[in-house]
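Participant: Have a look at this one.
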Amino acid sequence: MTRPSLAPVPVGSPDVPRNVTNLPRHELLGLHATVSGSTDPTHLGRSGLIVDESREVFVLRDANDAHIRLAKRILVLDVTLPSGEVARLHGADITFRPEDRPKKVRGGVSASSVGGA
């Protein structure tokens with residue numbers, strides 16, 4: 001009889017629920033985001049569903065089905081988690097390719113809670 005593996009499930013795995021502290025290591029596609037800070041004032045208040053992400057850019061789909069390309073380095077996003085909790089995420093902290101982010105984001109980098117349900 002073989003024993004099941006007791007290896008820990010890595011953060012960023014679909015088996016670990018997203019929360020404020022581990023959000024930078026998780027998939028962000030499909031979450032609603034609002035720009036709460038930016039060095040470009042025209043981005044402030046823009047919001048939508050995160051539909052694509054690259055190393056340098058988030059793409060949001062707004063209420064009019066328009067795609068908005070936003071540079072990560074200049075953004076602060078308020079991201080709504082499935083639980084209704086809202087987390088603040090600094091784009092400059094996660095300028096990695098999405099597939100590399102779980103292993104490259106350090107323990108000290110995390111989102112912060114800004115309220116929610």
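By order of appearance in the structure tokens: chains A, B, ..., then residues from 1 within every chain, and ligands from 1 in the order shown.
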Excluding region 66-81 of chain A and any residue of its chain fewer than 6 positions from it, enumerate the residues within 7 Å of it, using only C-alpha atoms, and give them as a PyMOL selection string.
Facilitator: chain A and resi 31-39+56-60+87-92+95
Participant: Now that the selection is made, can you save its residues with C-alpha atoms as a compact mmCIF listing (two decimals), in the first residue's frame?
Facilitator:
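File produced: selection.txt:
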```txt
# COMPACT_ATOMS: atom_id res chain seq x y z
CA LEU A 31 -11.65 39.46 -10.60
CA HIS A 32 -13.17 42.94 -10.59
CA ALA A 33 -10.67 45.77 -10.11
CA THR A 34 -10.88 49.53 -9.67
CA VAL A 35 -7.93 51.89 -10.11
CA SER A 36 -7.54 53.67 -6.77
CA GLY A 37 -4.13 55.18 -7.44
CA SER A 38 -2.05 56.01 -10.50
CA THR A 39 0.58 58.44 -11.65
CA GLU A 56 3.85 44.91 -17.60
CA VAL A 57 0.11 45.34 -18.33
CA PHE A 58 -3.35 44.57 -16.96
CA VAL A 59 -6.27 44.56 -19.38
CA LEU A 60 -9.66 45.38 -17.88
CA ALA A 87 -7.81 44.07 -1.36
CA ARG A 88 -5.47 46.85 -2.41
CA LEU A 89 -2.75 45.65 -4.77
CA HIS A 90 0.28 47.69 -5.87
CA GLY A 91 1.11 46.92 -9.48
CA ALA A 92 4.79 47.75 -9.04
CA THR A 95 5.57 43.23 -12.41
```
Participant: Would you please work out which residue, of A:Leu23, A:Leu29, A:Glu53, A:His43, is nearest to Val86 (chain A) when using only C-alpha atoms?
Facilitator: A:Leu23
Participant: For Lys104 (chain A), work out the shell of residues within 9 Å, counting only C-alpha atoms and skipping chain neighbours fewer than 5 positions away, then give it as a count of residues only.
Facilitator: 3
Participant: If you run DSSP over the backbone, which residues in region 44-110 of chain A end up strand (DSSP E)? Put them as a PyMOL selection string.
Facilitator: chain A and resi 47-53+57-61+67-71+75-80+85-90
Participant: Quick one: of A:Pro17, A:Glu85, A:Gly30, A:Asn64, who's nearest to Val114 (chain A), counting only C-alpha atoms?
Facilitator: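 Closest to Val114 (chain A) of all the choices is A:Glu85.
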